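What follows is final18.csv (CSV, C-alpha atoms and all ligand atoms).
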```csv
chain,number,residue,atom,x,y,z
A,1,MET,CA,14.9,30.5,40.1
A,2,LYS,CA,12.7,31.5,37.2
A,3,ALA,CA,13.3,30.1,33.6
A,4,ASN,CA,14.0,32.7,31.0
A,5,PRO,CA,12.2,32.6,27.6
A,6,LYS,CA,15.2,30.9,26.0
A,7,GLN,CA,15.1,28.1,28.6
A,8,TRP,CA,11.3,27.7,28.1
A,9,ALA,CA,11.7,27.4,24.4
A,10,ARG,CA,14.4,24.8,24.8
A,11,LEU,CA,12.1,22.9,27.3
A,12,VAL,CA,9.1,23.0,24.9
A,13,GLY,CA,11.3,22.0,22.0
A,14,GLY,CA,12.7,19.0,24.0
A,15,LEU,CA,9.2,17.9,24.9
A,16,LEU,CA,8.0,18.1,21.3
A,17,LEU,CA,11.0,16.1,20.2
A,18,LEU,CA,10.2,13.4,22.8
A,19,VAL,CA,6.5,13.2,21.7
A,20,GLY,CA,7.7,13.0,18.1
A,21,ILE,CA,10.1,10.1,18.9
A,22,VAL,CA,7.3,8.2,20.8
A,23,LEU,CA,4.8,8.7,17.9
A,24,VAL,CA,7.3,7.5,15.3
A,25,GLY,CA,8.2,4.6,17.5
A,26,VAL,CA,4.6,3.5,17.9
A,27,ARG,CA,4.0,3.8,14.1
A,28,LEU,CA,7.1,1.7,13.4
A,29,TYR,CA,6.0,-0.9,16.0
A,30,LYS,CA,2.6,-1.2,14.3
A,31,VAL,CA,4.2,-1.6,10.8
A,32,TRP,CA,6.8,-4.2,11.8
A,33,TRP,CA,5.1,-6.0,14.6
A,34,GLN,CA,3.8,-9.5,13.6
A,35,PRO,CA,1.4,-11.3,15.9
A,36,SER,CA,2.2,-15.0,16.2
A,37,HIS,CA,-1.2,-15.8,17.7
A,38,TYR,CA,-4.7,-14.5,17.4
A,39,SER,CA,-4.7,-13.7,21.1
A,40,GLN,CA,-2.4,-10.8,20.2
A,41,LEU,CA,-5.1,-9.2,18.0
A,42,LYS,CA,-7.3,-6.6,19.6
A,43,PRO,CA,-10.5,-8.4,20.8
A,44,LEU,CA,-13.8,-7.5,19.3
A,45,LEU,CA,-16.9,-7.3,21.3
A,46,ALA,CA,-19.6,-9.6,20.3
A,47,PRO,CA,-23.1,-8.3,19.5
A,48,TYR,CA,-24.4,-10.8,22.0
A,49,PRO,CA,-22.6,-9.7,25.1
A,50,LYS,CA,-25.0,-11.8,27.2
A,51,LYS,CA,-23.4,-15.2,27.4
A,52,GLN,CA,-25.6,-18.1,26.4
A,53,GLY,CA,-25.1,-21.8,25.8
A,54,ALA,CA,-25.2,-22.3,22.0
A,55,ILE,CA,-24.1,-24.3,19.0
A,56,VAL,CA,-22.9,-22.8,15.7
A,57,LEU,CA,-23.2,-25.2,12.8
A,58,THR,CA,-20.8,-24.5,9.9
A,59,LEU,CA,-20.6,-26.3,6.6
A,60,ASP,CA,-17.4,-26.0,4.5
A,61,ASP,CA,-16.4,-25.9,0.8
A,62,GLY,CA,-18.6,-25.7,-2.3
A,63,TYR,CA,-21.4,-28.2,-1.9
A,64,VAL,CA,-24.1,-25.6,-2.5
A,65,ARG,CA,-26.4,-27.9,-4.4
A,66,ASN,CA,-26.3,-30.4,-1.6
A,67,TRP,CA,-27.0,-27.8,1.1
A,68,PHE,CA,-29.7,-26.2,-1.0
A,69,ASP,CA,-31.4,-29.6,-1.4
A,70,ASN,CA,-31.2,-30.1,2.4
A,71,ARG,CA,-32.2,-26.6,3.5
A,72,ASN,CA,-35.7,-27.5,4.5
A,73,TRP,CA,-34.5,-30.6,6.4
A,74,LEU,CA,-32.0,-28.5,8.3
A,75,ASP,CA,-34.7,-26.0,9.1
A,76,SER,CA,-36.9,-28.8,10.4
A,77,LEU,CA,-34.1,-29.7,12.9
A,78,GLY,CA,-34.1,-26.1,14.1
A,79,LEU,CA,-30.4,-25.7,13.1
A,80,LYS,CA,-29.2,-22.4,11.6
A,81,THR,CA,-26.2,-22.7,9.4
A,82,THR,CA,-23.1,-20.8,8.3
A,83,ILE,CA,-21.4,-21.8,5.1
A,84,TYR,CA,-17.7,-21.3,4.7
A,85,LEU,CA,-17.6,-21.1,0.9
A,86,THR,CA,-14.6,-21.8,-1.3
A,87,GLU,CA,-14.4,-21.4,-5.1
A,88,ALA,CA,-11.7,-24.1,-5.6
A,89,ASP,CA,-14.1,-25.8,-7.9
A,90,PRO,CA,-15.4,-22.8,-9.7
A,91,LEU,CA,-19.1,-22.0,-8.9
A,92,SER,CA,-21.4,-21.9,-11.9
A,93,ILE,CA,-24.0,-19.2,-12.4
A,94,THR,CA,-26.6,-21.7,-11.1
A,95,ASP,CA,-24.4,-22.4,-8.0
A,96,TRP,CA,-24.3,-18.7,-7.3
A,97,GLN,CA,-28.1,-18.5,-7.7
A,98,LEU,CA,-28.4,-21.2,-5.1
A,99,VAL,CA,-26.0,-19.3,-2.8
A,100,ASP,CA,-28.3,-16.2,-3.2
A,101,SER,CA,-31.4,-18.3,-2.4
A,102,LEU,CA,-29.7,-19.8,0.7
A,103,ARG,CA,-28.7,-16.3,1.8
A,104,ALA,CA,-32.3,-15.1,1.3
A,105,ALA,CA,-33.4,-18.0,3.5
A,106,GLY,CA,-31.1,-16.8,6.3
A,107,VAL,CA,-28.0,-19.0,5.7
A,108,GLU,CA,-24.8,-17.0,6.4
A,109,ILE,CA,-22.0,-17.1,3.9
A,110,GLU,CA,-18.4,-16.7,5.1
A,111,ALA,CA,-15.0,-16.9,3.4
A,112,HIS,CA,-13.0,-20.1,3.0
A,113,GLY,CA,-10.6,-19.1,0.2
A,114,ALA,CA,-10.6,-18.7,-3.6
A,115,ARG,CA,-8.5,-21.8,-4.1
A,116,HIS,CA,-8.7,-23.7,-0.8
A,117,LEU,CA,-4.9,-23.6,-0.4
A,118,ASN,CA,-3.1,-25.3,2.4
A,119,ALA,CA,-1.6,-22.1,3.7
A,120,PRO,CA,1.5,-23.4,5.6
A,121,GLU,CA,2.5,-25.7,2.7
A,122,TYR,CA,1.9,-22.9,0.1
A,123,LEU,CA,4.0,-20.5,2.0
A,124,GLU,CA,7.0,-22.9,1.9
A,125,ASP,CA,7.4,-21.8,-1.8
A,126,HIS,CA,5.5,-18.5,-2.0
A,127,ASP,CA,5.4,-15.3,0.0
A,128,THR,CA,2.4,-13.8,1.8
A,129,THR,CA,1.7,-11.3,-1.0
A,130,THR,CA,1.3,-14.1,-3.5
A,131,TRP,CA,-1.0,-16.0,-1.1
A,132,ARG,CA,-3.1,-13.0,-0.8
A,133,ALA,CA,-3.3,-12.4,-4.6
A,134,GLN,CA,-4.2,-16.1,-5.1
A,135,GLU,CA,-6.4,-16.9,-2.2
A,136,LEU,CA,-7.8,-13.8,-0.5
A,137,ASP,CA,-8.3,-10.8,-2.9
A,138,PRO,CA,-10.1,-12.7,-5.7
A,139,HIS,CA,-12.3,-14.4,-3.1
A,140,LEU,CA,-13.3,-11.1,-1.5
A,141,SER,CA,-14.0,-9.5,-4.9
A,142,SER,CA,-16.1,-12.5,-6.0
A,143,LEU,CA,-18.1,-12.5,-2.7
A,144,ALA,CA,-18.5,-8.7,-2.9
A,145,SER,CA,-19.9,-9.0,-6.4
A,146,HIS,CA,-22.7,-11.0,-4.8
A,147,GLY,CA,-23.2,-8.6,-2.1
A,148,ILE,CA,-21.4,-10.7,0.5
A,149,LYS,CA,-19.0,-9.1,3.0
A,150,PRO,CA,-17.6,-11.9,5.1
A,151,LEU,CA,-16.9,-11.4,8.8
A,152,SER,CA,-14.9,-14.6,9.2
A,153,PHE,CA,-12.4,-16.8,7.5
A,154,ALA,CA,-11.9,-20.6,8.0
A,155,TRP,CA,-8.5,-22.0,7.3
A,156,PRO,CA,-8.7,-24.6,4.5
A,157,TYR,CA,-7.8,-28.0,5.9
A,158,GLY,CA,-7.7,-26.3,9.3
A,159,ALA,CA,-4.1,-25.6,8.4
A,160,GLU,CA,-3.0,-22.4,10.2
A,161,ALA,CA,-0.2,-20.1,9.1
A,162,PRO,CA,0.9,-17.6,11.7
A,163,GLU,CA,2.5,-15.3,9.0
A,164,LEU,CA,-1.0,-14.5,7.8
A,165,ILE,CA,-2.8,-13.8,11.0
A,166,ARG,CA,-2.1,-10.0,10.9
A,167,MET,CA,-3.4,-9.7,7.3
A,168,LEU,CA,-6.5,-11.8,8.1
A,169,GLY,CA,-7.0,-9.8,11.3
A,170,ARG,CA,-7.4,-6.7,9.2
A,171,HIS,CA,-10.2,-8.3,7.1
A,172,PHE,CA,-12.0,-10.6,9.4
A,173,GLY,CA,-13.5,-10.4,12.9
A,174,LEU,CA,-13.0,-14.1,13.6
A,175,ILE,CA,-10.8,-16.8,12.2
A,176,ARG,CA,-12.1,-20.4,12.5
A,177,GLY,CA,-9.6,-23.2,13.0
A,178,CYS,CA,-10.3,-26.9,13.6
A,179,CYS,CA,-10.1,-29.1,16.6
A,180,HIS,CA,-10.1,-32.7,15.5
A,181,PRO,CA,-11.7,-34.6,18.4
A,182,LYS,CA,-9.7,-37.7,17.8
A,183,ARG,CA,-6.4,-36.0,17.5
A,184,VAL,CA,-6.6,-33.2,20.0
A,185,LYS,CA,-4.5,-33.3,23.1
A,186,ALA,CA,-6.1,-32.7,26.4
A,187,GLY,CA,-6.4,-28.9,27.0
A,188,ARG,CA,-6.8,-27.9,23.4
A,189,PHE,CA,-10.4,-29.1,23.7
A,190,GLU,CA,-11.3,-26.0,25.6
A,191,ASP,CA,-10.4,-23.9,22.5
A,192,ALA,CA,-13.6,-25.3,20.9
A,193,LEU,CA,-15.8,-23.3,23.4
A,194,TYR,CA,-16.3,-19.7,22.5
A,195,GLN,CA,-16.7,-17.4,25.5
A,196,TYR,CA,-18.2,-14.3,23.9
A,197,ASP,CA,-15.2,-12.3,24.9
A,198,GLY,CA,-14.4,-10.8,21.5
A,199,ALA,CA,-11.6,-13.4,21.0
A,200,ARG,CA,-10.5,-13.5,17.3
A,201,SER,CA,-10.3,-17.2,16.8
A,202,VAL,CA,-12.3,-20.3,17.6
A,203,ASN,CA,-11.6,-24.0,17.0
A,204,ALA,CA,-14.4,-26.0,15.5
A,205,LEU,CA,-15.3,-29.7,16.3
A,206,CYS,CA,-15.7,-32.0,13.3
A,207,LEU,CA,-18.9,-33.7,12.4
A,208,ASP,CA,-17.6,-35.7,9.4
A,209,ASN,CA,-17.8,-39.5,9.5
A,210,ASP,CA,-14.1,-40.1,9.9
A,211,LEU,CA,-13.5,-37.5,12.7
A,212,PHE,CA,-16.8,-37.3,14.6
A,213,ASP,CA,-16.3,-38.2,18.2
A,214,SER,CA,-19.8,-38.3,19.7
A,215,SER,CA,-18.6,-38.4,23.4
A,216,ARG,CA,-16.3,-35.4,22.8
A,217,VAL,CA,-19.0,-33.4,21.1
A,218,LYS,CA,-21.6,-34.3,23.7
A,219,GLN,CA,-19.1,-33.3,26.4
A,220,ALA,CA,-18.5,-30.0,24.7
A,221,LEU,CA,-22.3,-29.3,24.5
A,222,ALA,CA,-22.8,-30.2,28.2
A,223,GLN,CA,-19.9,-27.8,29.1
A,224,ALA,CA,-21.3,-25.0,26.9
A,225,ALA,CA,-24.7,-25.4,28.7
A,226,VAL,CA,-23.1,-25.1,32.1
A,227,GLU,CA,-20.6,-22.2,31.4
A,228,GLN,CA,-22.8,-20.5,28.7
A,229,SER,CA,-20.4,-20.7,25.9
A,230,ALA,CA,-20.8,-21.5,22.2
A,231,VAL,CA,-19.6,-24.7,20.5
A,232,VAL,CA,-18.7,-24.3,16.9
A,233,LEU,CA,-19.0,-27.4,14.7
A,234,TYR,CA,-18.1,-28.1,11.1
A,235,GLY,CA,-19.1,-30.5,8.4
A,236,HIS,CA,-19.1,-30.8,4.7
A,237,GLU,CA,-21.4,-32.5,2.1
A,238,LEU,CA,-24.5,-34.1,3.8
A,239,VAL,CA,-25.0,-37.8,3.1
A,240,ASN,CA,-27.2,-40.6,4.3
A,241,ASP,CA,-24.2,-42.8,5.0
A,242,GLY,CA,-22.1,-43.1,8.1
A,243,GLN,CA,-19.1,-44.6,6.3
A,244,VAL,CA,-17.9,-42.1,3.6
A,245,ARG,CA,-14.9,-40.2,4.7
A,246,THR,CA,-14.9,-36.3,4.8
A,247,LYS,CA,-18.7,-36.4,4.5
A,248,THR,CA,-21.3,-35.6,7.2
A,249,ASN,CA,-23.9,-38.2,7.9
A,250,LYS,CA,-27.4,-36.6,8.3
A,251,ALA,CA,-28.0,-38.9,11.2
A,252,THR,CA,-25.1,-37.1,13.0
A,253,LEU,CA,-26.9,-33.7,12.5
A,254,ALA,CA,-30.2,-35.2,13.7
A,255,CYS,CA,-28.4,-36.4,16.8
A,256,LEU,CA,-26.8,-32.9,17.3
A,257,ALA,CA,-30.2,-31.3,17.1
A,258,ARG,CA,-31.5,-33.7,19.8
A,259,TRP,CA,-28.6,-32.8,22.1
A,260,GLN,CA,-29.1,-29.1,21.4
A,261,ARG,CA,-32.7,-29.4,22.6
A,262,TYR,CA,-31.7,-31.6,25.6
A,263,TYR,CA,-29.1,-29.1,26.8
A,264,ALA,CA,-31.4,-26.1,25.9
A,265,LEU,CA,-28.7,-24.6,23.6
A,266,GLN,CA,-29.4,-21.8,21.2
A,267,SER,CA,-28.6,-22.3,17.5
A,268,LEU,CA,-26.4,-19.3,16.5
A,269,GLN,CA,-24.4,-18.3,13.4
A,270,ILE,CA,-20.9,-16.9,13.2
A,271,ARG,CA,-22.2,-13.3,12.8
A,272,ASP,CA,-23.7,-13.7,16.3
A,273,LEU,CA,-20.2,-14.1,17.8
A,274,VAL,CA,-18.4,-11.2,16.2
A,275,ASP,CA,-19.0,-7.5,15.5
A,276,ASP,CA,-16.9,-6.3,12.7
A,277,THR,CA,-18.0,-2.7,13.2
A,278,LYS,CA,-15.4,-2.8,16.0
A,279,MET,CA,-12.6,-3.7,13.6
A,280,PRO,CA,-9.4,-1.8,14.1
A,301,ZN,ZN,-12.4,-26.7,3.4
```
Now that the file is in, can you turn its structure into structure tokens?
Ligand SMILES: [Zn+2]
Amino acid sequence: MKANPKQWARLVGGLLLLVGIVLVGVRLYKVWWQPSHYSQLKPLLAPYPKKQGAIVLTLDDGYVRNWFDNRNWLDSLGLKTTIYLTEADPLSITDWQLVDSLRAAGVEIEAHGARHLNAPEYLEDHDTTTWRAQELDPHLSSLASHGIKPLSFAWPYGAEAPELIRMLGRHFGLIRGCCHPKRVKAGRFEDALYQYDGARSVNALCLDNDLFDSSRVKQALAQAAVEQSAVVLYGHELVNDGQVRTKTNKATLACLARWQRYYALQSLQIRDLVDDTKMP
């Protein structure tokens, strides 16, 4: 039996209504849905799709004078560096000039927060909008005024807040957490190895005197060489002393450079792991 024009009109109208309902549903889902883990963010393809064993040395906070003074020494070790900069202790004009010089010399600058807030603690008494106004927006403006558009954010204190993941996912290609070798449970250790799969997070191993675990780090480097993944490591101010807490002994970095050569690992930067042109 053939449908008459009225029935056709009703059918088309019904289909359009259905499509409309689906579109509105998808839109509402996108607005209200909150990811609880980075794995729920859309993966980004890395600009280095070819997997390779590598280390990524990152240095955190605002020790720009210290890093500037050590730049030639780091170069002599063959280690590229990424700095996760915070402005918790305001940076002077001179500090910013040093940041510019480091950038000109190939050091990468990434975001570590305007105030270096412990996000989960801060969110106990504040909402995410306030966190953004205090920690993120002024930091992005300040970096932008120096021509820096960060690709990545490192949680201050390594303290992750799931409520912020969606917001951070809109601004950054990669979020760096921490993997404390002496506290990590078995299994979490694998999270320190980046697989070049566009994943939006990576856990870094600590190089500071109080948390550096040489056997764990060496094991990670050996594993990276075999499976061609990247190990991200983080330190802070560089010192010639193996005893001071939360500082990184230069001897540790010299040791890292030896292991890097031994395992034939590349020295990469965070920008080699993420391609923010693929951002949603
Ligand atoms: Zn920090």
May I have a table of the residues of chain A lying at most 8 Å from ligand ZN 301 (chain A), giving each one's closest pair of atoms and their distance in Å to one decimal, counting all atoms listed in the file, ordered by chain and ascending residue number, as a Markdown table?
```
| residue | atom | partner | partner_atom | distance |
| --- | --- | --- | --- | --- |
| A:Asp60 | CA | A:ZN301 | ZN | 5.2 |
| A:Asp61 | CA | A:ZN301 | ZN | 4.8 |
| A:Tyr84 | CA | A:ZN301 | ZN | 7.7 |
| A:Thr86 | CA | A:ZN301 | ZN | 7.1 |
| A:His112 | CA | A:ZN301 | ZN | 6.6 |
| A:His116 | CA | A:ZN301 | ZN | 6.4 |
| A:Ala154 | CA | A:ZN301 | ZN | 7.7 |
| A:Trp155 | CA | A:ZN301 | ZN | 7.2 |
| A:Pro156 | CA | A:ZN301 | ZN | 4.4 |
| A:Tyr157 | CA | A:ZN301 | ZN | 5.4 |
| A:Gly158 | CA | A:ZN301 | ZN | 7.6 |
| A:His236 | CA | A:ZN301 | ZN | 8.0 |
```
Item to check | Point-to-point distance from atom CA of Ala204 of chain A to atom CA of Ala220 of chain A, Å rounded to tenths | outcome: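 Atom CA of Ala220 of chain A lies 10.8 Å from atom CA of Ala204 of chain A.
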Checklist entry - Can you tell me how far atom CA of Ile21 of chain A sits from atom CA of Pro5 of chain A, in Å to one decimal? => result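 That distance, rounded to one decimal, is 24.2 Å.
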Item to check | From A:Phe212, A:Gly106, A:Gly53, A:Gly113, residue lying nearest Ala225 of chain A [only C-alpha atoms] | outcome: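 For Ala225 of chain A, the nearest of the given residues is A:Gly53.
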Checklist entry - Which residue gives the smallest distance to Cys206 of chain A among A:Val56, A:Leu174, A:Ala161, A:Leu168, with only C-alpha atoms counted? => result A:Val56
Checklist entry - Of the residues A:Leu268, A:Ala104, A:Leu74, A:Cys255, which is the one nearest to Leu238 of chain A, using all atoms listed in the file? => result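 So, comparing all the options, the nearest one is A:Leu74.
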Item to check | Counting all atoms listed in the file, the option among A:Gln228, A:Leu164, A:Gly78, A:Trp259 closest to Ala119 of chain A | outcome: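 Of all the options, A:Leu164 lies closest to Ala119 of chain A.
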